[in-house]
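Worksheet: the structure to be examined is printed underneath.
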Amino acid sequence: MNEREAAVERLFSRIAPNYGVLNTVLTFGLHRLWRRFATRKVPQGQGTTALDLCAGTGDFAVALRRTGTTVIAADLSAPMLTIARHRSHGALPVVVADGFQLPFASGCFDAVTVGFGLRHAQQDLPALLREVRRVLRDSGKLVVLELSHPPAPLWRWLTGLYIQALIPLIGAVVDAEAYRYLAQSLRGYPDAPTLQAMLLASGFAACEYHLLTGGIVAVHVATA
Ligand SMILES: C[S@@+](CC[C@H](N)C(=O)[O-])C[C@H]1O[C@@H](n2cnc3c(N)ncnc32)[C@H](O)[C@@H]1O
């Protein structure tokens, strides 16, 4: 783990106990609808293996497990994974792992999900995407759910104001530094067409994306 990843790990480990509740408050519950949309894009069911990367408290992993999918949750933060494991009554396999160096054989997953995790890997996004591609079998799917940049200028300005000004203010109740970082981490993150191009350049054969809630979030579905 380099210094940046270590800082991200410390930050998420600090906010782990409040992460789920604050996520619901700050998105007005919308993250559940966004995730339901994204989950429908993931290959799932008996006989399917999936990696939930940047799993956090395991929202994707828990939903996929319910469909009979064999899921492993991986994250830098052990406290986040402890909550994910607790939510699955101890049944979810979890691995403390860095997305840049996954401890899995090449081609061993049918699907990888990354929920609100990619923007924390901006130091070298193409390297992370190549590593995800490595662990996916050919024709496997990567489903990314992440904040994005709405195309309509007024909506982009309004949501930008909310994210940059109000989220740090509300988040300060829990951890001012952490929620300031979470708001700022969207700066410099690629817009949806740019991320699509990055995925194609990182070894994926095809990629489609869907903008939700006017583009506040984007769901990218990339085929290995
Ligand atoms: C905002 S949380 C998202 C959690 C969950 N996926 C969700 O959808 O709510 C981002 C997570 O990514 C993890 N993370 C950040 N960089 C990572 C990396 N390089 N490798 C593995 N996990 C990472 C953090 O520890 C954190 O738990």
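Scheme for the structure tokens: letters A, B, ... for chains in order shown; per-chain residue numbers from 1; ligand numbers from 1 in order shown.
For ligand 1, the set of protein, DNA and RNA residues within 7 Å, based on only C-alpha atoms and all ligand atoms, reads A:Glu5, A:Val8, A:Glu9, A:Phe12, A:Leu53, A:Cys54, A:Ala55, A:Gly56, A:Thr57, A:Gly58, A:Asp59, A:Phe60, A:Ala74, A:Asp75, A:Leu76, A:Ser77, A:Met80, A:Ala97, A:Asp98, A:Gly99, A:Phe100, A:Val114, A:Gly115, A:Phe116, A:Gly117, A:His120, A:Ala121.
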Go ahead and save the residues from that selection, with N, CA and C atoms, as a compact mmCIF listing (two decimals), in the first residue's frame.
```txt
# COMPACT_ATOMS: atom_id res chain seq x y z
N GLU A 5 -2.96 5.33 -0.63
CA GLU A 5 -3.90 4.25 -0.28
C GLU A 5 -4.01 4.10 1.24
N VAL A 8 -6.37 6.70 2.46
CA VAL A 8 -7.76 6.34 2.13
C VAL A 8 -8.23 5.25 3.09
N GLU A 9 -7.37 4.29 3.35
CA GLU A 9 -7.73 3.18 4.26
C GLU A 9 -8.06 3.73 5.66
N PHE A 12 -11.52 5.64 5.63
CA PHE A 12 -12.73 4.80 5.60
C PHE A 12 -12.85 3.96 6.86
N LEU A 53 -15.39 -5.32 -5.40
CA LEU A 53 -14.15 -4.59 -5.08
C LEU A 53 -14.50 -3.21 -4.52
N CYS A 54 -13.66 -2.72 -3.61
CA CYS A 54 -13.99 -1.51 -2.85
C CYS A 54 -15.35 -1.73 -2.19
N ALA A 55 -15.51 -2.92 -1.63
CA ALA A 55 -16.83 -3.40 -1.18
C ALA A 55 -17.39 -2.59 -0.03
N GLY A 56 -16.52 -1.97 0.77
CA GLY A 56 -17.01 -1.20 1.91
C GLY A 56 -17.85 -2.08 2.82
N THR A 57 -19.04 -1.60 3.16
CA THR A 57 -19.92 -2.36 4.06
C THR A 57 -20.75 -3.39 3.30
N GLY A 58 -20.42 -3.60 2.02
CA GLY A 58 -20.90 -4.79 1.30
C GLY A 58 -22.28 -4.72 0.67
N ASP A 59 -22.75 -3.53 0.32
CA ASP A 59 -24.11 -3.45 -0.25
C ASP A 59 -24.27 -4.31 -1.50
N PHE A 60 -23.30 -4.22 -2.42
CA PHE A 60 -23.39 -5.05 -3.64
C PHE A 60 -23.26 -6.54 -3.29
N ALA A 74 -13.83 -7.47 -1.34
CA ALA A 74 -12.45 -7.04 -1.11
C ALA A 74 -12.42 -5.53 -0.89
N ASP A 75 -11.58 -5.11 0.04
CA ASP A 75 -11.48 -3.67 0.36
C ASP A 75 -10.17 -3.44 1.11
N LEU A 76 -9.70 -2.20 1.06
CA LEU A 76 -8.51 -1.82 1.83
C LEU A 76 -8.79 -1.80 3.33
N SER A 77 -10.05 -1.54 3.68
CA SER A 77 -10.38 -1.25 5.07
C SER A 77 -10.99 -2.46 5.78
N MET A 80 -14.46 -1.69 7.52
CA MET A 80 -15.59 -1.70 6.58
C MET A 80 -16.01 -3.16 6.31
N ALA A 97 -7.69 -6.25 0.68
CA ALA A 97 -6.85 -6.28 -0.52
C ALA A 97 -6.87 -4.93 -1.21
N ASP A 98 -5.79 -4.65 -1.90
CA ASP A 98 -5.65 -3.42 -2.67
C ASP A 98 -6.08 -3.69 -4.11
N GLY A 99 -6.98 -2.88 -4.62
CA GLY A 99 -7.46 -3.07 -5.99
C GLY A 99 -6.38 -3.01 -7.05
N PHE A 100 -5.23 -2.42 -6.72
CA PHE A 100 -4.15 -2.34 -7.69
C PHE A 100 -3.35 -3.64 -7.78
N VAL A 114 -17.87 -2.47 -8.65
CA VAL A 114 -17.17 -1.42 -7.89
C VAL A 114 -18.18 -0.31 -7.61
N GLY A 115 -18.59 -0.18 -6.37
CA GLY A 115 -19.58 0.84 -6.00
C GLY A 115 -18.91 2.00 -5.29
N PHE A 116 -18.97 3.17 -5.87
CA PHE A 116 -18.42 4.40 -5.28
C PHE A 116 -16.97 4.21 -4.80
N GLY A 117 -16.21 3.47 -5.60
CA GLY A 117 -14.83 3.17 -5.22
C GLY A 117 -13.80 3.71 -6.20
N HIS A 120 -11.59 6.86 -5.76
CA HIS A 120 -10.52 6.84 -4.76
C HIS A 120 -9.24 6.21 -5.32
N ALA A 121 -9.27 5.85 -6.59
CA ALA A 121 -8.10 5.22 -7.22
C ALA A 121 -7.58 6.09 -8.35
```
(Q) Among region 50-200 of chain A, which ones does DSSP assign to strand (DSSP E or B) (computed from the backbone)? Answer as a PyMOL selection string. (A) chain A and resi 50-53+70-75+94-96+109-115+136-147
Could you dump the residues just selected with N, CA, C and O atoms as a short mmCIF file (atom, residue, chain, number, x, y, z; two decimals), in the first residue's frame?
```
data_model
loop_
_atom_site.label_atom_id
_atom_site.label_comp_id
_atom_site.auth_asym_id
_atom_site.auth_seq_id
_atom_site.Cartn_x
_atom_site.Cartn_y
_atom_site.Cartn_z
N ALA A 50 -18.45 -13.73 -8.32
CA ALA A 50 -18.30 -12.27 -8.43
C ALA A 50 -17.36 -11.74 -7.35
O ALA A 50 -17.30 -12.29 -6.25
N LEU A 51 -16.65 -10.69 -7.73
CA LEU A 51 -15.82 -9.96 -6.76
C LEU A 51 -16.46 -8.59 -6.56
O LEU A 51 -16.69 -7.87 -7.53
N ASP A 52 -16.75 -8.25 -5.32
CA ASP A 52 -17.18 -6.88 -5.01
C ASP A 52 -15.94 -6.14 -4.52
O ASP A 52 -15.49 -6.35 -3.39
N LEU A 53 -15.39 -5.32 -5.40
CA LEU A 53 -14.15 -4.59 -5.08
C LEU A 53 -14.50 -3.21 -4.52
O LEU A 53 -15.49 -2.62 -4.95
N THR A 70 -21.79 -16.71 -5.93
CA THR A 70 -20.65 -16.85 -5.01
C THR A 70 -19.88 -15.54 -5.04
O THR A 70 -19.33 -15.17 -6.08
N VAL A 71 -19.86 -14.82 -3.93
CA VAL A 71 -19.28 -13.47 -3.91
C VAL A 71 -18.14 -13.39 -2.90
O VAL A 71 -18.24 -13.94 -1.79
N ILE A 72 -17.07 -12.69 -3.30
CA ILE A 72 -16.02 -12.32 -2.36
C ILE A 72 -16.00 -10.80 -2.29
O ILE A 72 -16.09 -10.12 -3.31
N ALA A 73 -15.90 -10.27 -1.08
CA ALA A 73 -15.82 -8.82 -0.90
C ALA A 73 -14.38 -8.44 -0.59
O ALA A 73 -13.76 -9.03 0.31
N ALA A 74 -13.83 -7.47 -1.34
CA ALA A 74 -12.45 -7.04 -1.11
C ALA A 74 -12.42 -5.53 -0.89
O ALA A 74 -13.14 -4.77 -1.56
N ASP A 75 -11.58 -5.11 0.04
CA ASP A 75 -11.48 -3.67 0.36
C ASP A 75 -10.17 -3.44 1.11
O ASP A 75 -9.61 -4.35 1.71
N VAL A 94 -14.54 -12.30 3.03
CA VAL A 94 -13.99 -10.95 2.83
C VAL A 94 -12.47 -11.03 2.81
O VAL A 94 -11.87 -11.87 3.48
N VAL A 95 -11.86 -10.14 2.01
CA VAL A 95 -10.41 -10.12 1.88
C VAL A 95 -9.94 -8.67 1.95
O VAL A 95 -10.42 -7.83 1.17
N VAL A 96 -9.02 -8.39 2.86
CA VAL A 96 -8.40 -7.06 2.85
C VAL A 96 -7.40 -7.05 1.70
O VAL A 96 -6.44 -7.82 1.70
N PHE A 109 -13.12 -14.60 -12.21
CA PHE A 109 -14.46 -14.10 -11.86
C PHE A 109 -15.33 -13.89 -13.11
O PHE A 109 -14.82 -13.49 -14.16
N ASP A 110 -16.63 -14.15 -12.95
CA ASP A 110 -17.59 -13.83 -14.02
C ASP A 110 -17.98 -12.37 -13.97
O ASP A 110 -18.41 -11.80 -14.98
N ALA A 111 -17.86 -11.78 -12.80
CA ALA A 111 -18.29 -10.38 -12.65
C ALA A 111 -17.48 -9.69 -11.56
O ALA A 111 -17.04 -10.33 -10.61
N VAL A 112 -17.27 -8.39 -11.76
CA VAL A 112 -16.68 -7.53 -10.71
C VAL A 112 -17.60 -6.32 -10.56
O VAL A 112 -18.03 -5.73 -11.58
N THR A 113 -17.91 -5.96 -9.32
CA THR A 113 -18.66 -4.73 -9.07
C THR A 113 -17.74 -3.75 -8.33
O THR A 113 -16.92 -4.17 -7.51
N VAL A 114 -17.87 -2.47 -8.65
CA VAL A 114 -17.17 -1.42 -7.89
C VAL A 114 -18.18 -0.31 -7.61
O VAL A 114 -18.61 0.39 -8.54
N GLY A 115 -18.59 -0.18 -6.37
CA GLY A 115 -19.58 0.84 -6.00
C GLY A 115 -18.91 2.00 -5.29
O GLY A 115 -18.33 1.82 -4.22
N LEU A 136 -11.00 -10.87 -14.46
CA LEU A 136 -12.26 -11.26 -15.11
C LEU A 136 -11.98 -12.27 -16.21
O LEU A 136 -10.99 -12.14 -16.94
N ARG A 137 -12.86 -13.25 -16.36
CA ARG A 137 -12.74 -14.15 -17.52
C ARG A 137 -13.16 -13.38 -18.77
O ARG A 137 -13.87 -12.35 -18.67
N ASP A 138 -12.77 -13.88 -19.94
CA ASP A 138 -13.21 -13.25 -21.18
C ASP A 138 -14.74 -13.26 -21.20
O ASP A 138 -15.37 -14.26 -20.82
N SER A 139 -15.33 -12.18 -21.63
CA SER A 139 -16.79 -11.95 -21.66
C SER A 139 -17.38 -11.67 -20.28
O SER A 139 -18.59 -11.48 -20.16
N GLY A 140 -16.56 -11.71 -19.21
CA GLY A 140 -17.07 -11.33 -17.90
C GLY A 140 -17.40 -9.84 -17.87
O GLY A 140 -17.02 -9.08 -18.78
N LYS A 141 -18.14 -9.43 -16.84
CA LYS A 141 -18.62 -8.03 -16.79
C LYS A 141 -18.08 -7.28 -15.58
O LYS A 141 -18.04 -7.82 -14.47
N LEU A 142 -17.69 -6.05 -15.84
CA LEU A 142 -17.41 -5.10 -14.75
C LEU A 142 -18.56 -4.11 -14.69
O LEU A 142 -18.93 -3.52 -15.71
N VAL A 143 -19.14 -3.96 -13.50
CA VAL A 143 -20.21 -2.97 -13.32
C VAL A 143 -19.72 -1.94 -12.31
O VAL A 143 -19.40 -2.27 -11.17
N VAL A 144 -19.64 -0.70 -12.76
CA VAL A 144 -19.15 0.40 -11.92
C VAL A 144 -20.31 1.35 -11.64
O VAL A 144 -20.97 1.82 -12.56
N LEU A 145 -20.54 1.61 -10.36
CA LEU A 145 -21.52 2.63 -9.95
C LEU A 145 -20.71 3.73 -9.27
O LEU A 145 -19.99 3.48 -8.31
N GLU A 146 -20.79 4.95 -9.82
CA GLU A 146 -19.96 6.02 -9.27
C GLU A 146 -20.60 7.38 -9.50
O GLU A 146 -21.37 7.55 -10.46
N LEU A 147 -20.32 8.33 -8.63
CA LEU A 147 -20.73 9.71 -8.89
C LEU A 147 -20.14 10.15 -10.21
O LEU A 147 -19.08 9.67 -10.62
#
```
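Atom to atom, CA of Gly20 (chain A) and CA of His86 (chain A) stand 13.2 Å apart.
Residues of region 112-157 of chain A carrying a DSSP assignment of alpha helix (DSSP H), computed from the backbone, are Leu125, Pro126, Ala127, Leu128, Leu129, Arg130, Glu131, Val132, Arg133, Arg134, Val135, Pro153, Leu154, Trp155, Arg156 and Trp157 of chain A.
Between Ala165 (chain A) and the residues A:Tyr179, A:Thr67, A:Tyr209, A:Arg130, the shortest atom-to-atom distance, using only C-alpha atoms, involves A:Tyr179.
As for CA of Leu64 (chain A) and CA of Gly45 (chain A), they are spaced 7.9 Å apart.
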Taking only residues of region 178-223 of chain A that have an atom at most 9 Å from an atom of region 27-38 of chain A, what is each one's shortest atom pair and its distance in Å to one decimal, using only C-alpha atoms, in chain and number order, as CSV?
```
residue,atom,partner,partner_atom,distance
A:Leu212,CA,A:Trp34,CA,7.2
A:Thr213,CA,A:Trp34,CA,8.7
A:Val217,CA,A:Trp34,CA,7.9
A:Ala218,CA,A:Trp34,CA,8.9
A:Val219,CA,A:Ala38,CA,6.3
A:His220,CA,A:Ala38,CA,8.6
A:Val221,CA,A:Ala38,CA,8.6
```
For those residues, write C-alpha atoms to a file as a short mmCIF file (atom, residue, chain, number, x, y, z; two decimals), in the first residue's frame.
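New file again_7.cif:
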```
data_model
loop_
_atom_site.label_atom_id
_atom_site.label_comp_id
_atom_site.auth_asym_id
_atom_site.auth_seq_id
_atom_site.Cartn_x
_atom_site.Cartn_y
_atom_site.Cartn_z
CA LEU A 212 -29.03 8.16 -13.48
CA THR A 213 -30.76 11.12 -11.80
CA VAL A 217 -24.24 8.97 -10.96
CA ALA A 218 -23.18 6.79 -13.88
CA VAL A 219 -23.35 3.02 -14.21
CA HIS A 220 -20.72 1.64 -16.58
CA VAL A 221 -21.08 -1.93 -17.79
#
```
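Distances from A:Asn18, A:Thr39, A:Gln164, A:Thr194 to Tyr181 (chain A) were compared using only C-alpha atoms, and the smallest one belongs to A:Gln164.
Residues in contact with Gly215 (chain A) at 8 Å, where only C-alpha atoms are counted and same-chain residues fewer than 4 positions away are skipped, are listed as A:Ser148, A:His149, A:Pro150, A:Pro151, A:Leu211.
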With all heavy atoms retained, write the just-selected residues as a PDB file, in the first residue's frame.
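part.pdb was written with the following content:
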```
ATOM      1  N   SER A 148     -20.843  11.079 -10.880  1.00  0.00           N
ATOM      2  CA  SER A 148     -20.334  11.536 -12.163  1.00  0.00           C
ATOM      3  C   SER A 148     -20.611  13.037 -12.321  1.00  0.00           C
ATOM      4  O   SER A 148     -20.929  13.705 -11.337  1.00  0.00           O
ATOM      5  CB  SER A 148     -20.981  10.704 -13.287  1.00  0.00           C
ATOM      6  OG  SER A 148     -20.288  10.918 -14.493  1.00  0.00           O
ATOM      7  N   HIS A 149     -20.468  13.507 -13.542  1.00  0.00           N
ATOM      8  CA  HIS A 149     -20.636  14.942 -13.797  1.00  0.00           C
ATOM      9  C   HIS A 149     -21.838  15.116 -14.727  1.00  0.00           C
ATOM     10  O   HIS A 149     -21.749  14.775 -15.909  1.00  0.00           O
ATOM     11  CB  HIS A 149     -19.372  15.507 -14.457  1.00  0.00           C
ATOM     12  CG  HIS A 149     -18.127  15.231 -13.672  1.00  0.00           C
ATOM     13  ND1 HIS A 149     -17.735  15.997 -12.597  1.00  0.00           N
ATOM     14  CD2 HIS A 149     -17.192  14.247 -13.779  1.00  0.00           C
ATOM     15  CE1 HIS A 149     -16.606  15.515 -12.092  1.00  0.00           C
ATOM     16  NE2 HIS A 149     -16.259  14.457 -12.792  1.00  0.00           N
ATOM     17  N   PRO A 150     -22.984  15.619 -14.205  1.00  0.00           N
ATOM     18  CA  PRO A 150     -24.175  15.761 -15.048  1.00  0.00           C
ATOM     19  C   PRO A 150     -23.888  16.598 -16.292  1.00  0.00           C
ATOM     20  O   PRO A 150     -23.212  17.637 -16.202  1.00  0.00           O
ATOM     21  CB  PRO A 150     -25.179  16.476 -14.140  1.00  0.00           C
ATOM     22  CG  PRO A 150     -24.730  16.163 -12.753  1.00  0.00           C
ATOM     23  CD  PRO A 150     -23.227  16.071 -12.832  1.00  0.00           C
ATOM     24  N   PRO A 151     -24.419  16.192 -17.466  1.00  0.00           N
ATOM     25  CA  PRO A 151     -24.151  16.945 -18.688  1.00  0.00           C
ATOM     26  C   PRO A 151     -24.857  18.306 -18.737  1.00  0.00           C
ATOM     27  O   PRO A 151     -24.325  19.250 -19.323  1.00  0.00           O
ATOM     28  CB  PRO A 151     -24.669  16.034 -19.819  1.00  0.00           C
ATOM     29  CG  PRO A 151     -25.235  14.816 -19.178  1.00  0.00           C
ATOM     30  CD  PRO A 151     -25.112  14.917 -17.697  1.00  0.00           C
ATOM     31  N   LEU A 211     -26.675   7.049 -17.406  1.00  0.00           N
ATOM     32  CA  LEU A 211     -26.665   8.166 -16.462  1.00  0.00           C
ATOM     33  C   LEU A 211     -27.957   8.131 -15.660  1.00  0.00           C
ATOM     34  O   LEU A 211     -29.041   8.021 -16.236  1.00  0.00           O
ATOM     35  CB  LEU A 211     -26.559   9.497 -17.211  1.00  0.00           C
ATOM     36  CG  LEU A 211     -25.303   9.677 -18.081  1.00  0.00           C
ATOM     37  CD1 LEU A 211     -25.317  11.028 -18.770  1.00  0.00           C
ATOM     38  CD2 LEU A 211     -24.037   9.510 -17.247  1.00  0.00           C
TER      39      LEU A 211
END
```
Q: One decimal, Å: what's the distance from CA of Leu158 (chain A) over to CA of Arg187 (chain A), could you say?
A: 15.1 Å
